Amino acid sequence: MHGSIHHFQCSVPCSPLIWSAEDFQIAVDEKTLRAVSPLPVCPRCGSLARPNVLMFNDGSWQDTRTAEQEERLDIWLESLRGASVVIIECGAGTAIATVRILSDSIARQLHATLIRINPREPEGLPGTLSFPIGAAAALTGLDPFVRG
């Protein structure tokens, strides 16, 4: 929804290029908690690379990868119309409510059951099944019911 720390983009940006961060390990100085060289660079212009993640007030974020994912999600959700759907949301809070808003929206669109798992903020729209516990405990507890 907001990009991925597993992908890089140019910090300038010189192009819409987005590439995998899989083969790059960033070392961190334990005393200063700062990244140490070598830092990732753009393969096109040599400028510093950055995570392909949307930051606040970020006019440089390259959104093509995320836009393609959203398009695939829309197609998949459309294919679920009329199906019996359960949405399980784990750990989405209200401080940055993007995931909660998406879950609520999809639940309304598909007339789906929403299961919201959050130890501090489990509440939801009417009909939401709220679990005020951690995700591992909730999923472990739900597992026998899912398996039938």
# chains A, B, ... in the order shown; residues from 1 in each chain; ligands from 1

$ residues_around --residues "A:Pro132" --least-positions-apart "6" --cutoff "9 Å" --atoms "only C-alpha atoms" --output "list in words"
Arg116, Ile117, Asn118, Pro119, Arg120, Glu121, Pro122, Glu123 and Ala138 of chain A

$ select_by_dssp --residues "chain A" --states "alpha helix (DSSP H)" --output "MDAnalysis selection string"
chainID A and resid 64:79 98:110 135:147

$ residues_around --residues "A:Ala35" --least-positions-apart "6" --cutoff "12 Å" --atoms "only C-alpha atoms" --output "list in words"
Gln25, Ile26, Ala27, Val28 and Asp29 of chain A

$ select_by_dssp --residues "chain A" --states "strand (DSSP E or B)" --output "MDAnalysis selection string"
chainID A and resid 3:10 18:20 27:29 34:36 41 48:53 86:90 113:117 129:131

$ closest_residue --among "A:Asn57, A:Gln69, A:Gln62, A:Ser37" --to "A:Pro13" --atoms "only C-alpha atoms"
A:Gln62

$ atom_distance --atom1 "atom CA of A:Leu110" --atom2 "atom CA of A:Glu78"
8.8 Å
